[in-house]
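Enquirer: Quick one: this structure, given as structure tokens, is what I'll be asking you about.
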Amino acid sequence: MASLTQKPAQRFNVSDWHDSNNLISTNAERQRDASHNVRQEARSLDLITANQTKWDQHDNETRLEFKINDINEWMKVLRRTIADTEDEIAALEDKKDETERCLQAKHLNTDVVIECLMLRESRYSIDLVRDGVEAELNKENEIIEKVKKALQNRVDEANEQVCLLREARQQMTNDNRDKNDAHAIDDNCYRMTNNTGGISYKPNSTRVHPAATTPHTWNQFSQYNKDRACAEISSSITLREATDATMTTAANELEAQRVATEFAYRKRIHEFEMQEKELTWQRERTLDEIAEMERDVRNLEKAIRDKAAPSKVAQTRLEYRTYRRNVELCRDEPQIGLTAEVYQLEATIKTLKEKLAQAHHARYALYQNLERIEADLETKRNSLKLDRKSLDIRARLTVPAEKFVEQLPRDDFTRTFTDQSTTDAMVKLKQLDLA
């Protein structure tokens, strides 16, 4: 009988078989429960993460929107402040140009004062004095130099302030440019969606840049730029007001000194005119006295000549009577009378000659005094002419340059008042001779 050959494998019992089936069913149910739980948790996680992602994206878009709004507000503030700064720069430069023109105009005052001082150096003799006019001119020159220095300081301050305003404007311009770039970037990020092209994973996108700032620093930086620009604008406005005050004060001081100087000129000219009239009157009276003295000199000379004939007659009579002879040669009354007459005539002639010498001396003194009067009169007329010319020169301070035409003298030859006066005296003397 043939035997059954069995497989060489482990043999189990029926109970083991049932236990194995139960275990498989139990494990299957457990795995299905676990899988169900995983699926439920996955679905819940999917919903939660989807919502979280959506809200995170929405929150960041809102933050970007707020940031864009903040940038827009700051850009508006910066642009407005930049415009105000540019307006103030233009206003300050206009004021600086006005100040420079005012300073340039003061060179005319300096030229006029120096020309007047140099012109008065042409005085000579006793008229070369330190009078009130010279004191006022020197004072006016000091005021002009003080005013020019003050105006130059204002110009320098304006140049410095313009540089500060431009620096503040440049700082705000750079800030506004950076904000404009940041606005474009943030606006692009705000408009970016999940379907936008060009999005991708970036390496180390969460890195922090070394130059990154905080929101407080970001806001403080723009606030500082704005505050600095406003402070510079305020300083510029104050400087423009101070410059106006300086120019007004300078104009008032120069005008007051101009009036004082020209008053001193008119007062001095009046003194010269009065002295010229006095010297002219003295000259006329001296010429009259010289004419009278010349007439008296001629009368004395004629009187001396008139005494010659009587003296000759008396001396001839005495001489002839010495020719009497003997007892007739008597010192009688005629002899005594003729002798007394000769002595009297000699004494008279001597007295007349002494008086004639005194008359010549007095006439010489009159001519010397006339020469002094003529010289002083010429000096006064020269000084008067110089001061009148100075007043004409000073007219440039009040008359516009395009309307000012300096009056030229009628001629350029030199008058010699002494020679003319001497000629007048000689004419009068000749008229007396003819008379």
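Within each chain, counting starts at residue 1; across the structure tokens, chains are named A, B, ... in the order shown, with ligands numbered 1 upward in that order.
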Skip segment 264-275 of chain A itself and residues of its chain fewer than 4 positions away, then list as a PDB file with all heavy atoms, in the first residue's frame all residues within 9 Å of it, counting only C-alpha atoms.
Expert:
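The result, written out as part33.pdb:
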```
ATOM      1  N   ASP A 131      36.172 171.175   9.143  1.00  0.00           N
ATOM      2  CA  ASP A 131      34.884 171.778   9.467  1.00  0.00           C
ATOM      3  C   ASP A 131      33.815 170.711   9.647  1.00  0.00           C
ATOM      4  O   ASP A 131      34.080 169.504   9.611  1.00  0.00           O
ATOM      5  CB  ASP A 131      34.472 172.777   8.376  1.00  0.00           C
ATOM      6  CG  ASP A 131      34.531 172.150   6.996  1.00  0.00           C
ATOM      7  OD1 ASP A 131      34.761 170.935   6.904  1.00  0.00           O
ATOM      8  OD2 ASP A 131      34.356 172.880   5.998  1.00  0.00           O
ATOM      9  N   GLY A 132      32.585 171.172   9.849  1.00  0.00           N
ATOM     10  CA  GLY A 132      31.473 170.250  10.055  1.00  0.00           C
ATOM     11  C   GLY A 132      31.195 169.374   8.856  1.00  0.00           C
ATOM     12  O   GLY A 132      30.767 168.218   9.002  1.00  0.00           O
ATOM     13  N   VAL A 133      31.440 169.902   7.658  1.00  0.00           N
ATOM     14  CA  VAL A 133      31.202 169.114   6.447  1.00  0.00           C
ATOM     15  C   VAL A 133      32.135 167.910   6.410  1.00  0.00           C
ATOM     16  O   VAL A 133      31.704 166.782   6.127  1.00  0.00           O
ATOM     17  CB  VAL A 133      31.386 169.986   5.192  1.00  0.00           C
ATOM     18  CG1 VAL A 133      31.248 169.144   3.935  1.00  0.00           C
ATOM     19  CG2 VAL A 133      30.380 171.126   5.190  1.00  0.00           C
ATOM     20  N   GLU A 134      33.405 168.145   6.710  1.00  0.00           N
ATOM     21  CA  GLU A 134      34.358 167.031   6.693  1.00  0.00           C
ATOM     22  C   GLU A 134      34.011 165.999   7.751  1.00  0.00           C
ATOM     23  O   GLU A 134      34.097 164.783   7.505  1.00  0.00           O
ATOM     24  CB  GLU A 134      35.767 167.570   6.923  1.00  0.00           C
ATOM     25  CG  GLU A 134      36.852 166.504   6.828  1.00  0.00           C
ATOM     26  CD  GLU A 134      38.250 167.094   6.900  1.00  0.00           C
ATOM     27  OE1 GLU A 134      38.376 168.327   6.728  1.00  0.00           O
ATOM     28  OE2 GLU A 134      39.196 166.331   7.118  1.00  0.00           O
ATOM     29  N   GLU A 136      30.982 165.335   8.914  1.00  0.00           N
ATOM     30  CA  GLU A 136      29.798 164.603   8.464  1.00  0.00           C
ATOM     31  C   GLU A 136      30.146 163.635   7.338  1.00  0.00           C
ATOM     32  O   GLU A 136      29.595 162.522   7.263  1.00  0.00           O
ATOM     33  CB  GLU A 136      28.715 165.578   7.999  1.00  0.00           C
ATOM     34  CG  GLU A 136      28.131 166.447   9.106  1.00  0.00           C
ATOM     35  CD  GLU A 136      27.374 165.638  10.143  1.00  0.00           C
ATOM     36  OE1 GLU A 136      26.981 164.501   9.838  1.00  0.00           O
ATOM     37  OE2 GLU A 136      27.202 166.135  11.264  1.00  0.00           O
ATOM     38  N   VAL A 259      21.018 163.634   4.687  1.00  0.00           N
ATOM     39  CA  VAL A 259      20.377 164.917   5.007  1.00  0.00           C
ATOM     40  C   VAL A 259      21.281 165.747   5.911  1.00  0.00           C
ATOM     41  O   VAL A 259      21.446 166.962   5.697  1.00  0.00           O
ATOM     42  CB  VAL A 259      19.003 164.661   5.675  1.00  0.00           C
ATOM     43  CG1 VAL A 259      18.422 165.971   6.199  1.00  0.00           C
ATOM     44  CG2 VAL A 259      18.041 164.029   4.694  1.00  0.00           C
ATOM     45  N   ALA A 260      21.895 165.087   6.924  1.00  0.00           N
ATOM     46  CA  ALA A 260      22.787 165.815   7.843  1.00  0.00           C
ATOM     47  C   ALA A 260      24.001 166.362   7.101  1.00  0.00           C
ATOM     48  O   ALA A 260      24.417 167.511   7.317  1.00  0.00           O
ATOM     49  CB  ALA A 260      23.222 164.891   8.977  1.00  0.00           C
ATOM     50  N   LEU A 279      33.903 190.085   1.946  1.00  0.00           N
ATOM     51  CA  LEU A 279      35.187 190.386   1.306  1.00  0.00           C
ATOM     52  C   LEU A 279      34.989 191.269   0.080  1.00  0.00           C
ATOM     53  O   LEU A 279      35.811 192.159  -0.186  1.00  0.00           O
ATOM     54  CB  LEU A 279      35.894 189.086   0.913  1.00  0.00           C
ATOM     55  CG  LEU A 279      36.431 188.244   2.079  1.00  0.00           C
ATOM     56  CD1 LEU A 279      36.950 186.912   1.564  1.00  0.00           C
ATOM     57  CD2 LEU A 279      37.547 188.996   2.811  1.00  0.00           C
ATOM     58  N   THR A 280      33.913 191.026  -0.674  1.00  0.00           N
ATOM     59  CA  THR A 280      33.638 191.884  -1.829  1.00  0.00           C
ATOM     60  C   THR A 280      33.373 193.308  -1.380  1.00  0.00           C
ATOM     61  O   THR A 280      33.862 194.274  -2.011  1.00  0.00           O
ATOM     62  CB  THR A 280      32.430 191.338  -2.603  1.00  0.00           C
ATOM     63  OG1 THR A 280      32.708 189.999  -3.017  1.00  0.00           O
ATOM     64  CG2 THR A 280      32.159 192.192  -3.831  1.00  0.00           C
ATOM     65  N   LEU A 377      39.573 186.267  -1.056  1.00  0.00           N
ATOM     66  CA  LEU A 377      38.350 186.185  -1.843  1.00  0.00           C
ATOM     67  C   LEU A 377      38.453 185.062  -2.876  1.00  0.00           C
ATOM     68  O   LEU A 377      37.494 184.305  -3.098  1.00  0.00           O
ATOM     69  CB  LEU A 377      38.083 187.529  -2.525  1.00  0.00           C
ATOM     70  CG  LEU A 377      36.785 187.645  -3.332  1.00  0.00           C
ATOM     71  CD1 LEU A 377      35.590 187.404  -2.425  1.00  0.00           C
ATOM     72  CD2 LEU A 377      36.701 189.018  -3.989  1.00  0.00           C
ATOM     73  N   LYS A 380      38.069 181.842  -0.989  1.00  0.00           N
ATOM     74  CA  LYS A 380      36.662 181.578  -0.638  1.00  0.00           C
ATOM     75  C   LYS A 380      35.864 181.168  -1.870  1.00  0.00           C
ATOM     76  O   LYS A 380      35.006 180.273  -1.788  1.00  0.00           O
ATOM     77  CB  LYS A 380      36.049 182.824  -0.006  1.00  0.00           C
ATOM     78  CG  LYS A 380      36.664 183.231   1.321  1.00  0.00           C
ATOM     79  CD  LYS A 380      36.416 182.187   2.375  1.00  0.00           C
ATOM     80  CE  LYS A 380      36.992 182.613   3.721  1.00  0.00           C
ATOM     81  NZ  LYS A 380      38.457 182.661   3.738  1.00  0.00           N
ATOM     82  N   ARG A 381      36.119 181.820  -2.983  1.00  0.00           N
ATOM     83  CA  ARG A 381      35.391 181.448  -4.198  1.00  0.00           C
ATOM     84  C   ARG A 381      35.749 180.044  -4.652  1.00  0.00           C
ATOM     85  O   ARG A 381      34.889 179.289  -5.133  1.00  0.00           O
ATOM     86  CB  ARG A 381      35.685 182.469  -5.303  1.00  0.00           C
ATOM     87  CG  ARG A 381      34.971 183.801  -5.092  1.00  0.00           C
ATOM     88  CD  ARG A 381      35.407 184.837  -6.085  1.00  0.00           C
ATOM     89  NE  ARG A 381      34.629 186.078  -5.937  1.00  0.00           N
ATOM     90  CZ  ARG A 381      34.915 187.237  -6.540  1.00  0.00           C
ATOM     91  NH1 ARG A 381      35.994 187.296  -7.333  1.00  0.00           N
ATOM     92  NH2 ARG A 381      34.149 188.283  -6.360  1.00  0.00           N
ATOM     93  N   SER A 383      36.739 177.577  -2.643  1.00  0.00           N
ATOM     94  CA  SER A 383      36.078 176.662  -1.701  1.00  0.00           C
ATOM     95  C   SER A 383      34.583 176.602  -1.964  1.00  0.00           C
ATOM     96  O   SER A 383      33.968 175.528  -1.893  1.00  0.00           O
ATOM     97  CB  SER A 383      36.347 177.117  -0.264  1.00  0.00           C
ATOM     98  OG  SER A 383      37.735 177.124   0.013  1.00  0.00           O
ATOM     99  N   LEU A 384      33.987 177.752  -2.255  1.00  0.00           N
ATOM    100  CA  LEU A 384      32.552 177.789  -2.547  1.00  0.00           C
ATOM    101  C   LEU A 384      32.234 176.981  -3.799  1.00  0.00           C
ATOM    102  O   LEU A 384      31.247 176.225  -3.847  1.00  0.00           O
ATOM    103  CB  LEU A 384      32.107 179.242  -2.715  1.00  0.00           C
ATOM    104  CG  LEU A 384      30.626 179.480  -2.969  1.00  0.00           C
ATOM    105  CD1 LEU A 384      29.794 178.946  -1.816  1.00  0.00           C
ATOM    106  CD2 LEU A 384      30.360 180.980  -3.164  1.00  0.00           C
ATOM    107  N   ASP A 387      32.477 173.229  -2.921  1.00  0.00           N
ATOM    108  CA  ASP A 387      31.342 172.725  -2.150  1.00  0.00           C
ATOM    109  C   ASP A 387      30.075 172.678  -2.990  1.00  0.00           C
ATOM    110  O   ASP A 387      29.255 171.755  -2.845  1.00  0.00           O
ATOM    111  CB  ASP A 387      31.119 173.587  -0.908  1.00  0.00           C
ATOM    112  CG  ASP A 387      32.123 173.278   0.190  1.00  0.00           C
ATOM    113  OD1 ASP A 387      32.872 172.292   0.036  1.00  0.00           O
ATOM    114  OD2 ASP A 387      32.159 174.000   1.193  1.00  0.00           O
ATOM    115  N   ARG A 388      29.888 173.654  -3.878  1.00  0.00           N
ATOM    116  CA  ARG A 388      28.730 173.600  -4.775  1.00  0.00           C
ATOM    117  C   ARG A 388      28.840 172.414  -5.733  1.00  0.00           C
ATOM    118  O   ARG A 388      27.839 171.734  -6.008  1.00  0.00           O
ATOM    119  CB  ARG A 388      28.622 174.903  -5.560  1.00  0.00           C
ATOM    120  CG  ARG A 388      28.066 176.072  -4.733  1.00  0.00           C
ATOM    121  CD  ARG A 388      28.135 177.362  -5.503  1.00  0.00           C
ATOM    122  NE  ARG A 388      27.513 178.468  -4.758  1.00  0.00           N
ATOM    123  CZ  ARG A 388      27.608 179.747  -5.110  1.00  0.00           C
ATOM    124  NH1 ARG A 388      28.317 180.094  -6.191  1.00  0.00           N
ATOM    125  NH2 ARG A 388      27.009 180.676  -4.376  1.00  0.00           N
ATOM    126  N   SER A 390      30.398 169.703  -5.031  1.00  0.00           N
ATOM    127  CA  SER A 390      30.155 168.519  -4.208  1.00  0.00           C
ATOM    128  C   SER A 390      28.659 168.255  -4.068  1.00  0.00           C
ATOM    129  O   SER A 390      28.217 167.099  -4.130  1.00  0.00           O
ATOM    130  CB  SER A 390      30.788 168.703  -2.825  1.00  0.00           C
ATOM    131  OG  SER A 390      32.196 168.793  -2.916  1.00  0.00           O
ATOM    132  N   LEU A 391      27.874 169.331  -3.899  1.00  0.00           N
ATOM    133  CA  LEU A 391      26.422 169.155  -3.818  1.00  0.00           C
ATOM    134  C   LEU A 391      25.873 168.608  -5.138  1.00  0.00           C
ATOM    135  O   LEU A 391      24.949 167.788  -5.151  1.00  0.00           O
ATOM    136  CB  LEU A 391      25.744 170.476  -3.466  1.00  0.00           C
ATOM    137  CG  LEU A 391      25.682 170.830  -1.972  1.00  0.00           C
ATOM    138  CD1 LEU A 391      24.930 172.135  -1.772  1.00  0.00           C
ATOM    139  CD2 LEU A 391      25.022 169.716  -1.172  1.00  0.00           C
TER     140      LEU A 391
END
```
Enquirer: For Gln104 of chain A, please output as a list in words all residues within 12 Å (counting only C-alpha atoms; exclusion window: fewer than 3 positions along the same chain).
Expert: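 Everything that qualifies: Asp97, Glu98, Thr99, Glu100, Arg101, His107, Leu108, Asn109, Thr110, Asp111, Ile144, Val147, Lys148, Lys149, Leu151, Gln152 and Val155 of chain A.
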Enquirer: Those residues with N, CA, C and O atoms, as a short mmCIF file (atom, residue, chain, number, x, y, z; two decimals), in the first residue's frame please?
Expert:
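Below you can see out24.cif, which holds the result:
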```cif
data_model
loop_
_atom_site.label_atom_id
_atom_site.label_comp_id
_atom_site.auth_asym_id
_atom_site.auth_seq_id
_atom_site.Cartn_x
_atom_site.Cartn_y
_atom_site.Cartn_z
N ASP A 97 19.49 138.09 -3.90
CA ASP A 97 19.81 138.92 -5.07
C ASP A 97 19.46 140.38 -4.80
O ASP A 97 20.22 141.30 -5.19
N GLU A 98 18.33 140.61 -4.15
CA GLU A 98 17.95 141.98 -3.80
C GLU A 98 18.97 142.61 -2.85
O GLU A 98 19.34 143.78 -3.00
N THR A 99 19.43 141.81 -1.89
CA THR A 99 20.44 142.31 -0.95
C THR A 99 21.75 142.61 -1.66
O THR A 99 22.42 143.62 -1.37
N GLU A 100 22.13 141.75 -2.60
CA GLU A 100 23.36 142.00 -3.35
C GLU A 100 23.24 143.26 -4.20
O GLU A 100 24.21 144.02 -4.33
N ARG A 101 22.06 143.48 -4.80
CA ARG A 101 21.85 144.72 -5.56
C ARG A 101 21.92 145.93 -4.64
O ARG A 101 22.48 146.97 -5.00
N HIS A 107 28.03 151.04 -3.29
CA HIS A 107 29.32 151.46 -3.85
C HIS A 107 29.20 152.89 -4.40
O HIS A 107 30.19 153.64 -4.38
N LEU A 108 28.03 153.25 -4.89
CA LEU A 108 27.82 154.63 -5.35
C LEU A 108 27.97 155.60 -4.19
O LEU A 108 28.61 156.65 -4.34
N ASN A 109 27.40 155.26 -3.02
CA ASN A 109 27.56 156.12 -1.84
C ASN A 109 29.02 156.28 -1.47
O ASN A 109 29.49 157.39 -1.18
N THR A 110 29.75 155.16 -1.52
CA THR A 110 31.18 155.22 -1.20
C THR A 110 31.93 156.10 -2.21
O THR A 110 32.75 156.94 -1.83
N ASP A 111 31.63 155.91 -3.49
CA ASP A 111 32.30 156.71 -4.53
C ASP A 111 32.00 158.20 -4.35
O ASP A 111 32.90 159.05 -4.49
N ILE A 144 28.43 154.06 5.89
CA ILE A 144 28.36 153.27 4.65
C ILE A 144 29.13 151.96 4.81
O ILE A 144 28.64 150.89 4.43
N VAL A 147 27.14 149.68 7.03
CA VAL A 147 25.98 149.14 6.31
C VAL A 147 26.42 148.07 5.32
O VAL A 147 25.80 147.00 5.21
N LYS A 148 27.50 148.31 4.59
CA LYS A 148 27.99 147.33 3.62
C LYS A 148 28.40 146.04 4.32
O LYS A 148 28.15 144.93 3.82
N LYS A 149 29.02 146.17 5.49
CA LYS A 149 29.41 144.98 6.23
C LYS A 149 28.19 144.20 6.68
O LYS A 149 28.15 142.95 6.57
N LEU A 151 25.17 144.22 5.29
CA LEU A 151 24.54 143.61 4.12
C LEU A 151 25.33 142.41 3.63
O LEU A 151 24.75 141.40 3.21
N GLN A 152 26.66 142.51 3.66
CA GLN A 152 27.49 141.38 3.23
C GLN A 152 27.28 140.18 4.16
O GLN A 152 27.25 139.02 3.71
N VAL A 155 24.13 138.54 3.13
CA VAL A 155 24.34 137.76 1.90
C VAL A 155 25.02 136.44 2.23
O VAL A 155 24.61 135.37 1.73
#
```
Enquirer: Hey, what's within 8 Å of Val297 of chain A if we count only C-alpha atoms and toss same-chain stuff fewer than 2 positions away? As a PDB file with N, CA, C and O atoms, in the first residue's frame, please?
Expert:
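Now in part_39.pdb:
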```pdb
ATOM      1  N   MET A 293      43.020 207.889  -1.466  1.00  0.00           N
ATOM      2  CA  MET A 293      44.420 208.098  -1.063  1.00  0.00           C
ATOM      3  C   MET A 293      45.262 208.548  -2.241  1.00  0.00           C
ATOM      4  O   MET A 293      46.136 209.428  -2.091  1.00  0.00           O
ATOM      5  N   GLU A 294      45.027 208.000  -3.426  1.00  0.00           N
ATOM      6  CA  GLU A 294      45.755 208.428  -4.612  1.00  0.00           C
ATOM      7  C   GLU A 294      45.472 209.907  -4.902  1.00  0.00           C
ATOM      8  O   GLU A 294      46.381 210.669  -5.268  1.00  0.00           O
ATOM      9  N   ARG A 295      44.211 210.292  -4.732  1.00  0.00           N
ATOM     10  CA  ARG A 295      43.862 211.703  -4.946  1.00  0.00           C
ATOM     11  C   ARG A 295      44.585 212.598  -3.938  1.00  0.00           C
ATOM     12  O   ARG A 295      45.132 213.652  -4.290  1.00  0.00           O
ATOM     13  N   ASN A 299      47.322 215.476  -4.462  1.00  0.00           N
ATOM     14  CA  ASN A 299      47.143 216.818  -3.886  1.00  0.00           C
ATOM     15  C   ASN A 299      48.352 217.230  -3.068  1.00  0.00           C
ATOM     16  O   ASN A 299      48.792 218.400  -3.125  1.00  0.00           O
ATOM     17  N   LEU A 300      48.901 216.275  -2.274  1.00  0.00           N
ATOM     18  CA  LEU A 300      50.100 216.604  -1.487  1.00  0.00           C
ATOM     19  C   LEU A 300      51.283 216.898  -2.395  1.00  0.00           C
ATOM     20  O   LEU A 300      52.070 217.845  -2.139  1.00  0.00           O
ATOM     21  N   GLU A 301      51.427 216.121  -3.438  1.00  0.00           N
ATOM     22  CA  GLU A 301      52.534 216.376  -4.371  1.00  0.00           C
ATOM     23  C   GLU A 301      52.357 217.741  -5.044  1.00  0.00           C
ATOM     24  O   GLU A 301      53.340 218.488  -5.236  1.00  0.00           O
ATOM     25  N   LEU A 356      53.298 213.216   2.969  1.00  0.00           N
ATOM     26  CA  LEU A 356      53.286 212.476   1.713  1.00  0.00           C
ATOM     27  C   LEU A 356      53.888 211.087   1.909  1.00  0.00           C
ATOM     28  O   LEU A 356      53.378 210.082   1.372  1.00  0.00           O
ATOM     29  N   ALA A 359      51.375 209.091   3.556  1.00  0.00           N
ATOM     30  CA  ALA A 359      50.331 208.728   2.590  1.00  0.00           C
ATOM     31  C   ALA A 359      50.795 207.578   1.711  1.00  0.00           C
ATOM     32  O   ALA A 359      50.018 206.655   1.412  1.00  0.00           O
ATOM     33  N   HIS A 360      52.047 207.625   1.256  1.00  0.00           N
ATOM     34  CA  HIS A 360      52.585 206.520   0.469  1.00  0.00           C
ATOM     35  C   HIS A 360      52.578 205.224   1.275  1.00  0.00           C
ATOM     36  O   HIS A 360      52.226 204.144   0.743  1.00  0.00           O
TER      37      HIS A 360
END
```
Enquirer: DSSP on the backbone: what in segment 296-339 of chain A comes out alpha helix (DSSP H), as JSON, numbers by chain?
Expert: {"A": [296, 297, 298, 299, 300, 301, 302, 303, 304, 305, 306, 308, 309, 310, 311, 312, 313, 314, 315, 316, 317, 318, 319, 320, 321, 333, 334, 335, 336, 337, 338, 339]}
Enquirer: Need the shell around segment 232-243 of chain A: protein/DNA/RNA residues with any atom at most 7 Å away, counting only C-alpha atoms. Skip same-chain ones fewer than 4 positions apart. Format as a list in words?
Expert: Thr85, Glu88, Leu92, Lys95, Arg154, Gln161, Leu164, Leu165, Arg228 and Met247 of chain A
Enquirer: For Asp178 of chain A, please output as an MDAnalysis selection string all residues within 12 Å (counting only C-alpha atoms; exclusion window: fewer than 2 positions along the same chain).
Expert: chainID A and resid 71 74:75 78 171:176 180:185 218 222
